[in-house]
Amino acid sequence: MLELVGVSHHYMARKSSFDHGLHHVLDNVSLRVMPGDTLGIVGRNGAGKTTMLRLMAGIIEPRQGLIRRRAGASCALLSLGLGFQDSLSGRDNALLSAMLQGVSKRDALASLDEIREFTELGDSFEEPVKTYSSGMRARLGFASGLLTRVDILLIDEVLSVGDAQFRDKALGAMQQRLGGEQTVVFVSHAEGQLKALCDRAVWIEQGQLRAEGAPEEVIARYRQPGGGSARRP
Amino acid sequence: MTLSHYATLIDTMARLSLKADASRYFFGYVWWVLEPLLYVLVFYVVFELILQNRKEDFVVFLMCGQLAFVWFSKSLNQASRSILGSKGLVGRVDIPKSLFPLATIQEGLYKQAAVFLLLFVVLFAKGYTPSLVWGWLLPVMLVNYLLIVACSLFAAYLVCWVFDFHVFISMATIFLMFTSGVFWDPRDLDPAMTYWVLTLNPLAFLLDAYRQIMLAGVAPNAVHLAIVGGVALLAALAGLFLLRRHSRFIALRVITS
């Protein structure tokens, strides 16, 4: 479904005028995601997880290496809060979000009530997003992403916020989707979720693949002294 | 993405943005007419009351040029920053980057419809009546639109590439305001100079065409209009191609800016 072959990525970001500032993000990463797979990614903040999802979604191109996606496979990246227009209502944002994902306007309009119901935002769904708390934004982002049918779902930390009740509901909805053909790549710091949802996990550290295998094993290696989670930057 | 979905998206983005914009202001949609009216008031105070300009119907002359020029300059300035301003979306979905400048221009187009309507009302009140020649307004507006699209697509690309370009674009619009005959009539110049101003500056040609049609009742030079329109169309297509070809490079620049 999705394959990364020797992918390396770096970019320039200026620290001051007349400076280029090279940042290395990924270094020779190869991995493969099969149809119906649920792959978890763990790693410290800044390890390159979000960049990896963006590369998988085809939003940016790797400097080196290849990314193969099955021809015609649609892809959606769910991330926190980003991409909302603050002065638009939750409904308008959900409409725009679905349409940008490639859903026709008619289908997008038809799915809005389902999204509203899933978010449980009630009347707030019609209020501008600028009035939302981060938990409410996460609800809107998750619902509008999940209810759009795509072949590959890339989830970046969306399930780590929101109250416990919504997290359980979102997890349940995810598991329902996972039972089917849905291919998912899942970035999270919530180890319980990773263990519950994923068939396989990888650990990324300083842009390199450190471990790959069953979620329990990978998380255990990530957690052990000298592993990523114990290290302080 | 199919062409019809692309077009629907541009329209939806523009409409939602107008809605969001209106909700930010207390007077909301009233500003569509209020803003150009205030412009006219400023001109009236400066040119008729203070400077006591002797040119006949100077306020009407000014409106024909200024309102079309503001359409160009506002659209260009807003569209040039539109991709960079949509960092959240650009980092989340792989979409054609031309959507952002085109949606911004579409938004300007809807507002401009209200502005032209106001202009027609003022012209009518001043005793100018529409004739068959006014039919030329449609092709002139179309060429004006194409010119906005062509300039905006390239500007949006350049601003994503090197952010410093936005300073240059603001400077360029000020330069154009002074050289396009907004406050003065290119036809009052030395004939050789009139020729050069109208030939070298397509915007000066368009502003003059609006005035010729609405104030003098004279059709613009069709060949000149077709050439400006053709070049603008080709440049717009080249801009679309550029944004499409460098879509991921632009995304990277926007995400890391």
# chains A, B, ... in the order shown; residues from 1 in each chain; ligands from 1

call {"tool": "residues_around", "arguments": {"residues": "Ser80 of chain B", "least_positions_apart": "5", "cutoff": "12 Å", "atoms": "only C-alpha atoms", "output": "number ranges by chain"}}
result
B: 72-75, 85-86, 97-98, 100-105, 148-170

call {"tool": "select_by_dssp", "arguments": {"residues": "segment 66-171 of chain A", "states": "strand (DSSP E or B)", "output": "JSON, numbers by chain"}}
result
{"A": [66, 67, 68, 69, 75, 76, 77, 78, 79, 89, 128, 152, 153, 154, 155, 156]}

call {"tool": "write_last_selection", "arguments": {"atoms": "N, CA and C atoms", "output": "CSV table (one decimal), in the first residue's frame"}}
result
chain,number,residue,atom,x,y,z
A,66,LEU,N,12.7,7.1,-2.1
A,66,LEU,CA,11.5,7.0,-2.8
A,66,LEU,C,10.3,6.7,-1.9
A,67,ILE,N,9.1,7.2,-2.3
A,67,ILE,CA,7.9,6.9,-1.5
A,67,ILE,C,7.0,6.3,-2.6
A,68,ARG,N,6.6,5.0,-2.4
A,68,ARG,CA,5.7,4.4,-3.3
A,68,ARG,C,4.3,4.3,-2.7
A,69,ARG,N,3.3,4.8,-3.3
A,69,ARG,CA,1.9,4.6,-2.8
A,69,ARG,C,1.2,3.9,-3.9
A,75,CYS,N,-5.4,9.5,0.6
A,75,CYS,CA,-4.7,9.6,1.8
A,75,CYS,C,-5.1,10.8,2.6
A,76,ALA,N,-5.3,10.7,3.9
A,76,ALA,CA,-5.7,11.8,4.7
A,76,ALA,C,-4.8,11.9,5.9
A,77,LEU,N,-4.4,13.1,6.2
A,77,LEU,CA,-3.6,13.3,7.4
A,77,LEU,C,-4.4,14.0,8.5
A,78,LEU,N,-4.6,13.4,9.6
A,78,LEU,CA,-5.4,14.0,10.7
A,78,LEU,C,-4.4,14.6,11.7
A,79,SER,N,-4.4,15.9,11.9
A,79,SER,CA,-3.5,16.5,12.9
A,79,SER,C,-4.3,17.5,13.7
A,89,SER,N,-17.5,28.8,11.3
A,89,SER,CA,-18.1,27.8,12.2
A,89,SER,C,-17.5,26.4,12.1
A,128,PRO,N,-18.2,30.0,15.7
A,128,PRO,CA,-16.9,30.1,15.1
A,128,PRO,C,-15.9,29.2,15.9
A,152,ILE,N,-5.8,5.4,3.0
A,152,ILE,CA,-4.8,5.4,4.0
A,152,ILE,C,-5.0,6.6,5.0
A,153,LEU,N,-5.2,6.3,6.2
A,153,LEU,CA,-5.5,7.3,7.3
A,153,LEU,C,-4.2,7.5,8.1
A,154,LEU,N,-3.7,8.8,8.1
A,154,LEU,CA,-2.5,9.1,8.8
A,154,LEU,C,-2.9,9.9,10.0
A,155,ILE,N,-2.6,9.4,11.2
A,155,ILE,CA,-3.1,10.1,12.4
A,155,ILE,C,-2.0,10.6,13.3
A,156,ASP,N,-2.0,11.9,13.5
A,156,ASP,CA,-0.9,12.5,14.2
A,156,ASP,C,-1.4,13.1,15.5

call {"tool": "closest_atom_pairs", "arguments": {"of": "segment 1-72 of chain A", "to": "segment 239-249 of chain B", "cutoff": "9 Å", "atoms": "only C-alpha atoms", "output": "tab-separated table"}}
result
residue	atom	partner	partner_atom	distance
A:Gly58	CA	B:Arg248	CA	7.9
A:Ile59	CA	B:Arg248	CA	6.1
A:Ile60	CA	B:Arg248	CA	4.7
A:Glu61	CA	B:Arg248	CA	6.0

call {"tool": "interface_residues", "arguments": {"of": "chain B", "to": "chain A", "cutoff": "8 Å", "atoms": "only C-alpha atoms", "output": "number ranges by chain"}}
result
B: 1, 5, 8-9, 12-13, 16-17, 19-21, 23-24, 86-95, 248-249, 251-252, 256-257

call {"tool": "atom_distance", "arguments": {"atom1": "atom CA of Ala209 of chain B", "atom2": "atom CA of Trp196 of chain B"}}
result
15.3 Å

call {"tool": "atom_distance", "arguments": {"atom1": "atom CA of Val150 of chain A", "atom2": "atom CA of Ala73 of chain A"}}
result
7.8 Å

call {"tool": "residues_around", "arguments": {"residues": "Val70 of chain B", "least_positions_apart": "5", "cutoff": "10 Å", "atoms": "only C-alpha atoms", "output": "list in words"}}
result
Pro36, Gly65, Ser75, Leu76, Gln112, Thr173, Met177 and Val182 of chain B

call {"tool": "select_by_dssp", "arguments": {"residues": "segment 73-223 of chain A", "states": "alpha helix (DSSP H)", "output": "number ranges by chain"}}
result
A: 90-100, 105-119, 134-146, 164-179, 191-197, 215-223

call {"tool": "atom_distance", "arguments": {"atom1": "atom CA of Phe58 of chain B", "atom2": "atom CA of Thr179 of chain B"}}
result
18.1 Å

call {"tool": "residues_around", "arguments": {"residues": "Ala170 of chain A", "least_positions_apart": "3", "cutoff": "10 Å", "atoms": "only C-alpha atoms", "output": "PDB file with N, CA and C atoms, in the first residue's frame"}}
result
ATOM      1  N   PHE A 118     -21.284  13.096  15.649  1.00  0.00           N
ATOM      2  CA  PHE A 118     -20.127  12.394  16.202  1.00  0.00           C
ATOM      3  C   PHE A 118     -19.341  13.293  17.154  1.00  0.00           C
ATOM      4  N   THR A 119     -19.204  14.574  16.799  1.00  0.00           N
ATOM      5  CA  THR A 119     -18.400  15.472  17.641  1.00  0.00           C
ATOM      6  C   THR A 119     -19.074  15.757  18.982  1.00  0.00           C
ATOM      7  N   ARG A 139     -11.957  17.215  18.658  1.00  0.00           N
ATOM      8  CA  ARG A 139     -13.171  16.483  18.296  1.00  0.00           C
ATOM      9  C   ARG A 139     -13.549  16.760  16.841  1.00  0.00           C
ATOM     10  N   PHE A 142     -10.956  15.263  14.377  1.00  0.00           N
ATOM     11  CA  PHE A 142     -11.029  13.802  14.295  1.00  0.00           C
ATOM     12  C   PHE A 142     -12.273  13.370  13.521  1.00  0.00           C
ATOM     13  N   ALA A 143     -13.409  13.979  13.868  1.00  0.00           N
ATOM     14  CA  ALA A 143     -14.671  13.568  13.234  1.00  0.00           C
ATOM     15  C   ALA A 143     -14.661  13.873  11.741  1.00  0.00           C
ATOM     16  N   LEU A 146     -12.194  11.379  10.118  1.00  0.00           N
ATOM     17  CA  LEU A 146     -12.547   9.959  10.159  1.00  0.00           C
ATOM     18  C   LEU A 146     -13.724   9.640   9.253  1.00  0.00           C
ATOM     19  N   VAL A 158      -3.910  12.952  17.293  1.00  0.00           N
ATOM     20  CA  VAL A 158      -5.254  13.498  17.496  1.00  0.00           C
ATOM     21  C   VAL A 158      -5.941  12.853  18.681  1.00  0.00           C
ATOM     22  N   LEU A 159      -5.597  11.585  18.931  1.00  0.00           N
ATOM     23  CA  LEU A 159      -6.302  10.863  19.989  1.00  0.00           C
ATOM     24  C   LEU A 159      -5.721  11.120  21.371  1.00  0.00           C
ATOM     25  N   GLY A 162      -8.555  15.717  24.339  1.00  0.00           N
ATOM     26  CA  GLY A 162      -9.985  15.497  24.500  1.00  0.00           C
ATOM     27  C   GLY A 162     -10.220  14.738  25.792  1.00  0.00           C
ATOM     28  N   ALA A 164     -11.799  11.860  28.455  1.00  0.00           N
ATOM     29  CA  ALA A 164     -11.699  10.395  28.417  1.00  0.00           C
ATOM     30  C   ALA A 164     -12.861   9.782  27.649  1.00  0.00           C
ATOM     31  N   GLN A 165     -14.047  10.374  27.831  1.00  0.00           N
ATOM     32  CA  GLN A 165     -15.231   9.810  27.184  1.00  0.00           C
ATOM     33  C   GLN A 165     -15.093   9.872  25.670  1.00  0.00           C
ATOM     34  N   PHE A 166     -14.629  11.051  25.140  1.00  0.00           N
ATOM     35  CA  PHE A 166     -14.495  11.172  23.695  1.00  0.00           C
ATOM     36  C   PHE A 166     -13.354  10.304  23.185  1.00  0.00           C
ATOM     37  N   ARG A 167     -12.268  10.208  23.973  1.00  0.00           N
ATOM     38  CA  ARG A 167     -11.141   9.351  23.568  1.00  0.00           C
ATOM     39  C   ARG A 167     -11.610   7.918  23.371  1.00  0.00           C
ATOM     40  N   ALA A 173     -14.475   4.024  17.414  1.00  0.00           N
ATOM     41  CA  ALA A 173     -14.738   4.269  15.998  1.00  0.00           C
ATOM     42  C   ALA A 173     -13.551   3.819  15.152  1.00  0.00           C
ATOM     43  N   MET A 174     -12.346   4.075  15.682  1.00  0.00           N
ATOM     44  CA  MET A 174     -11.129   3.660  14.985  1.00  0.00           C
ATOM     45  C   MET A 174     -11.099   2.142  14.844  1.00  0.00           C
ATOM     46  N   GLN A 175     -11.373   1.462  15.974  1.00  0.00           N
ATOM     47  CA  GLN A 175     -11.303  -0.001  15.957  1.00  0.00           C
ATOM     48  C   GLN A 175     -12.298  -0.584  14.967  1.00  0.00           C
ATOM     49  N   GLN A 176     -13.464   0.077  14.874  1.00  0.00           N
ATOM     50  CA  GLN A 176     -14.476  -0.371  13.931  1.00  0.00           C
ATOM     51  C   GLN A 176     -13.937  -0.261  12.504  1.00  0.00           C
TER      52      GLN A 176
END

call {"tool": "closest_residue", "arguments": {"among": "B:Ala68, B:Leu119, B:Ala192, B:Leu18", "to": "Val140 of chain B", "atoms": "only C-alpha atoms"}}
result
B:Ala68

call {"tool": "residues_around", "arguments": {"residues": "Val185 of chain A", "least_positions_apart": "5", "cutoff": "6 Å", "atoms": "only C-alpha atoms", "output": "ChimeraX atom specification"}}
result
/A:38-40,154

call {"tool": "write_last_selection", "arguments": {"atoms": "all heavy atoms", "output": "compact mmCIF listing (two decimals), in the first residue's frame"}}
result
# COMPACT_ATOMS: atom_id res chain seq x y z
N THR A 38 -2.10 -1.63 10.58
CA THR A 38 -2.11 -0.47 11.46
C THR A 38 -0.71 -0.35 12.05
O THR A 38 -0.29 -1.18 12.84
CB THR A 38 -3.13 -0.64 12.59
OG1 THR A 38 -4.39 -0.93 12.00
CG2 THR A 38 -3.24 0.62 13.42
N LEU A 39 -0.02 0.69 11.61
CA LEU A 39 1.37 0.87 12.03
C LEU A 39 1.44 2.00 13.04
O LEU A 39 0.91 3.09 12.81
CB LEU A 39 2.24 1.19 10.81
CG LEU A 39 3.69 1.53 11.09
CD1 LEU A 39 4.47 0.28 11.46
CD2 LEU A 39 4.34 2.21 9.89
N GLY A 40 2.09 1.75 14.17
CA GLY A 40 2.27 2.80 15.17
C GLY A 40 3.67 3.37 15.07
O GLY A 40 4.62 2.65 14.75
N LEU A 154 -3.68 8.75 8.09
CA LEU A 154 -2.47 9.05 8.84
C LEU A 154 -2.88 9.90 10.03
O LEU A 154 -3.45 10.97 9.86
CB LEU A 154 -1.48 9.82 7.95
CG LEU A 154 -1.15 9.14 6.62
CD1 LEU A 154 -0.47 10.13 5.68
CD2 LEU A 154 -0.26 7.94 6.84

call {"tool": "closest_residue", "arguments": {"among": "A:Glu216, A:Glu3, A:Glu120, A:Glu127", "to": "Gln193 of chain A", "atoms": "only C-alpha atoms"}}
result
A:Glu216

call {"tool": "decode", "arguments": {"residues": "segment 166-200 of chain B", "atoms": "N, CA, C and O atoms", "output": "PDB file, in the first residue's frame"}}
result
ATOM      1  N   HIS B 166       7.464  40.018  -0.662  1.00  0.00           N
ATOM      2  CA  HIS B 166       6.204  40.721  -0.401  1.00  0.00           C
ATOM      3  C   HIS B 166       6.424  42.225  -0.231  1.00  0.00           C
ATOM      4  O   HIS B 166       5.562  43.025  -0.563  1.00  0.00           O
ATOM      5  N   VAL B 167       7.627  42.595   0.242  1.00  0.00           N
ATOM      6  CA  VAL B 167       7.956  44.017   0.351  1.00  0.00           C
ATOM      7  C   VAL B 167       7.999  44.615  -1.054  1.00  0.00           C
ATOM      8  O   VAL B 167       7.454  45.695  -1.326  1.00  0.00           O
ATOM      9  N   PHE B 168       8.627  43.864  -1.943  1.00  0.00           N
ATOM     10  CA  PHE B 168       8.772  44.308  -3.321  1.00  0.00           C
ATOM     11  C   PHE B 168       7.399  44.461  -3.999  1.00  0.00           C
ATOM     12  O   PHE B 168       7.173  45.410  -4.746  1.00  0.00           O
ATOM     13  N   ILE B 169       6.482  43.543  -3.680  1.00  0.00           N
ATOM     14  CA  ILE B 169       5.158  43.591  -4.313  1.00  0.00           C
ATOM     15  C   ILE B 169       4.372  44.818  -3.839  1.00  0.00           C
ATOM     16  O   ILE B 169       3.729  45.494  -4.638  1.00  0.00           O
ATOM     17  N   SER B 170       4.462  45.126  -2.544  1.00  0.00           N
ATOM     18  CA  SER B 170       3.789  46.343  -2.060  1.00  0.00           C
ATOM     19  C   SER B 170       4.354  47.579  -2.745  1.00  0.00           C
ATOM     20  O   SER B 170       3.615  48.483  -3.144  1.00  0.00           O
ATOM     21  N   MET B 171       5.702  47.607  -2.899  1.00  0.00           N
ATOM     22  CA  MET B 171       6.340  48.745  -3.570  1.00  0.00           C
ATOM     23  C   MET B 171       5.860  48.846  -5.011  1.00  0.00           C
ATOM     24  O   MET B 171       5.572  49.930  -5.512  1.00  0.00           O
ATOM     25  N   ALA B 172       5.784  47.682  -5.676  1.00  0.00           N
ATOM     26  CA  ALA B 172       5.401  47.657  -7.092  1.00  0.00           C
ATOM     27  C   ALA B 172       3.982  48.190  -7.280  1.00  0.00           C
ATOM     28  O   ALA B 172       3.709  48.913  -8.243  1.00  0.00           O
ATOM     29  N   THR B 173       3.063  47.879  -6.337  1.00  0.00           N
ATOM     30  CA  THR B 173       1.694  48.378  -6.506  1.00  0.00           C
ATOM     31  C   THR B 173       1.641  49.894  -6.305  1.00  0.00           C
ATOM     32  O   THR B 173       0.882  50.581  -6.989  1.00  0.00           O
ATOM     33  N   ILE B 174       2.476  50.408  -5.397  1.00  0.00           N
ATOM     34  CA  ILE B 174       2.508  51.875  -5.221  1.00  0.00           C
ATOM     35  C   ILE B 174       3.044  52.528  -6.499  1.00  0.00           C
ATOM     36  O   ILE B 174       2.485  53.502  -7.002  1.00  0.00           O
ATOM     37  N   PHE B 175       4.108  51.940  -7.040  1.00  0.00           N
ATOM     38  CA  PHE B 175       4.683  52.447  -8.288  1.00  0.00           C
ATOM     39  C   PHE B 175       3.623  52.452  -9.396  1.00  0.00           C
ATOM     40  O   PHE B 175       3.460  53.435 -10.126  1.00  0.00           O
ATOM     41  N   LEU B 176       2.866  51.343  -9.474  1.00  0.00           N
ATOM     42  CA  LEU B 176       1.828  51.244 -10.514  1.00  0.00           C
ATOM     43  C   LEU B 176       0.716  52.266 -10.306  1.00  0.00           C
ATOM     44  O   LEU B 176       0.169  52.806 -11.262  1.00  0.00           O
ATOM     45  N   MET B 177       0.400  52.549  -9.031  1.00  0.00           N
ATOM     46  CA  MET B 177      -0.659  53.520  -8.764  1.00  0.00           C
ATOM     47  C   MET B 177      -0.288  54.893  -9.342  1.00  0.00           C
ATOM     48  O   MET B 177      -1.131  55.598  -9.880  1.00  0.00           O
ATOM     49  N   PHE B 178       1.010  55.224  -9.244  1.00  0.00           N
ATOM     50  CA  PHE B 178       1.429  56.535  -9.737  1.00  0.00           C
ATOM     51  C   PHE B 178       1.647  56.571 -11.245  1.00  0.00           C
ATOM     52  O   PHE B 178       1.626  57.637 -11.846  1.00  0.00           O
ATOM     53  N   THR B 179       1.905  55.386 -11.846  1.00  0.00           N
ATOM     54  CA  THR B 179       2.232  55.391 -13.279  1.00  0.00           C
ATOM     55  C   THR B 179       1.070  54.950 -14.170  1.00  0.00           C
ATOM     56  O   THR B 179       1.198  54.951 -15.379  1.00  0.00           O
ATOM     57  N   SER B 180      -0.060  54.553 -13.567  1.00  0.00           N
ATOM     58  CA  SER B 180      -1.150  54.035 -14.403  1.00  0.00           C
ATOM     59  C   SER B 180      -2.227  55.073 -14.705  1.00  0.00           C
ATOM     60  O   SER B 180      -3.266  54.732 -15.256  1.00  0.00           O
ATOM     61  N   GLY B 181      -1.979  56.306 -14.304  1.00  0.00           N
ATOM     62  CA  GLY B 181      -2.966  57.329 -14.608  1.00  0.00           C
ATOM     63  C   GLY B 181      -4.220  57.196 -13.787  1.00  0.00           C
ATOM     64  O   GLY B 181      -5.328  57.289 -14.310  1.00  0.00           O
ATOM     65  N   VAL B 182      -4.059  56.975 -12.476  1.00  0.00           N
ATOM     66  CA  VAL B 182      -5.223  56.897 -11.606  1.00  0.00           C
ATOM     67  C   VAL B 182      -5.722  58.309 -11.303  1.00  0.00           C
ATOM     68  O   VAL B 182      -6.907  58.608 -11.426  1.00  0.00           O
ATOM     69  N   PHE B 183      -4.783  59.195 -10.958  1.00  0.00           N
ATOM     70  CA  PHE B 183      -5.137  60.570 -10.573  1.00  0.00           C
ATOM     71  C   PHE B 183      -5.011  61.546 -11.737  1.00  0.00           C
ATOM     72  O   PHE B 183      -5.389  62.688 -11.631  1.00  0.00           O
ATOM     73  N   TRP B 184      -4.343  61.104 -12.802  1.00  0.00           N
ATOM     74  CA  TRP B 184      -4.134  62.004 -13.949  1.00  0.00           C
ATOM     75  C   TRP B 184      -4.534  61.284 -15.231  1.00  0.00           C
ATOM     76  O   TRP B 184      -4.639  60.068 -15.264  1.00  0.00           O
ATOM     77  N   ASP B 185      -4.739  62.042 -16.274  1.00  0.00           N
ATOM     78  CA  ASP B 185      -5.204  61.468 -17.527  1.00  0.00           C
ATOM     79  C   ASP B 185      -4.029  61.324 -18.497  1.00  0.00           C
ATOM     80  O   ASP B 185      -3.423  62.326 -18.878  1.00  0.00           O
ATOM     81  N   PRO B 186      -3.698  60.083 -18.890  1.00  0.00           N
ATOM     82  CA  PRO B 186      -2.584  59.896 -19.827  1.00  0.00           C
ATOM     83  C   PRO B 186      -2.806  60.671 -21.128  1.00  0.00           C
ATOM     84  O   PRO B 186      -1.843  61.036 -21.811  1.00  0.00           O
ATOM     85  N   ARG B 187      -4.069  60.948 -21.452  1.00  0.00           N
ATOM     86  CA  ARG B 187      -4.366  61.646 -22.701  1.00  0.00           C
ATOM     87  C   ARG B 187      -4.055  63.132 -22.621  1.00  0.00           C
ATOM     88  O   ARG B 187      -4.069  63.826 -23.645  1.00  0.00           O
ATOM     89  N   ASP B 188      -3.795  63.663 -21.402  1.00  0.00           N
ATOM     90  CA  ASP B 188      -3.393  65.058 -21.272  1.00  0.00           C
ATOM     91  C   ASP B 188      -1.907  65.249 -21.527  1.00  0.00           C
ATOM     92  O   ASP B 188      -1.418  66.379 -21.594  1.00  0.00           O
ATOM     93  N   LEU B 189      -1.164  64.131 -21.646  1.00  0.00           N
ATOM     94  CA  LEU B 189       0.284  64.236 -21.827  1.00  0.00           C
ATOM     95  C   LEU B 189       0.610  64.551 -23.275  1.00  0.00           C
ATOM     96  O   LEU B 189      -0.263  64.591 -24.143  1.00  0.00           O
ATOM     97  N   ASP B 190       1.889  64.782 -23.518  1.00  0.00           N
ATOM     98  CA  ASP B 190       2.432  64.914 -24.850  1.00  0.00           C
ATOM     99  C   ASP B 190       2.050  63.645 -25.635  1.00  0.00           C
ATOM    100  O   ASP B 190       2.165  62.545 -25.088  1.00  0.00           O
ATOM    101  N   PRO B 191       1.541  63.726 -26.901  1.00  0.00           N
ATOM    102  CA  PRO B 191       1.034  62.539 -27.605  1.00  0.00           C
ATOM    103  C   PRO B 191       2.015  61.357 -27.624  1.00  0.00           C
ATOM    104  O   PRO B 191       1.590  60.205 -27.483  1.00  0.00           O
ATOM    105  N   ALA B 192       3.306  61.640 -27.775  1.00  0.00           N
ATOM    106  CA  ALA B 192       4.293  60.540 -27.788  1.00  0.00           C
ATOM    107  C   ALA B 192       4.295  59.849 -26.434  1.00  0.00           C
ATOM    108  O   ALA B 192       4.339  58.609 -26.342  1.00  0.00           O
ATOM    109  N   MET B 193       4.219  60.663 -25.365  1.00  0.00           N
ATOM    110  CA  MET B 193       4.234  60.097 -24.021  1.00  0.00           C
ATOM    111  C   MET B 193       2.959  59.315 -23.759  1.00  0.00           C
ATOM    112  O   MET B 193       2.993  58.230 -23.163  1.00  0.00           O
ATOM    113  N   THR B 194       1.813  59.829 -24.204  1.00  0.00           N
ATOM    114  CA  THR B 194       0.543  59.104 -24.073  1.00  0.00           C
ATOM    115  C   THR B 194       0.680  57.715 -24.692  1.00  0.00           C
ATOM    116  O   THR B 194       0.310  56.705 -24.089  1.00  0.00           O
ATOM    117  N   TYR B 195       1.254  57.684 -25.889  1.00  0.00           N
ATOM    118  CA  TYR B 195       1.426  56.422 -26.598  1.00  0.00           C
ATOM    119  C   TYR B 195       2.255  55.439 -25.760  1.00  0.00           C
ATOM    120  O   TYR B 195       1.888  54.280 -25.580  1.00  0.00           O
ATOM    121  N   TRP B 196       3.375  55.935 -25.225  1.00  0.00           N
ATOM    122  CA  TRP B 196       4.258  55.040 -24.468  1.00  0.00           C
ATOM    123  C   TRP B 196       3.625  54.559 -23.166  1.00  0.00           C
ATOM    124  O   TRP B 196       3.742  53.394 -22.802  1.00  0.00           O
ATOM    125  N   VAL B 197       2.948  55.466 -22.477  1.00  0.00           N
ATOM    126  CA  VAL B 197       2.310  55.066 -21.206  1.00  0.00           C
ATOM    127  C   VAL B 197       1.269  53.984 -21.455  1.00  0.00           C
ATOM    128  O   VAL B 197       1.240  52.945 -20.788  1.00  0.00           O
ATOM    129  N   LEU B 198       0.421  54.191 -22.480  1.00  0.00           N
ATOM    130  CA  LEU B 198      -0.649  53.226 -22.733  1.00  0.00           C
ATOM    131  C   LEU B 198      -0.119  51.926 -23.324  1.00  0.00           C
ATOM    132  O   LEU B 198      -0.709  50.864 -23.140  1.00  0.00           O
ATOM    133  N   THR B 199       1.009  51.986 -24.034  1.00  0.00           N
ATOM    134  CA  THR B 199       1.553  50.774 -24.653  1.00  0.00           C
ATOM    135  C   THR B 199       2.331  49.936 -23.641  1.00  0.00           C
ATOM    136  O   THR B 199       2.208  48.717 -23.603  1.00  0.00           O
ATOM    137  N   LEU B 200       3.144  50.622 -22.833  1.00  0.00           N
ATOM    138  CA  LEU B 200       4.021  49.866 -21.929  1.00  0.00           C
ATOM    139  C   LEU B 200       3.304  49.381 -20.675  1.00  0.00           C
ATOM    140  O   LEU B 200       3.702  48.383 -20.088  1.00  0.00           O
TER     141      LEU B 200
END
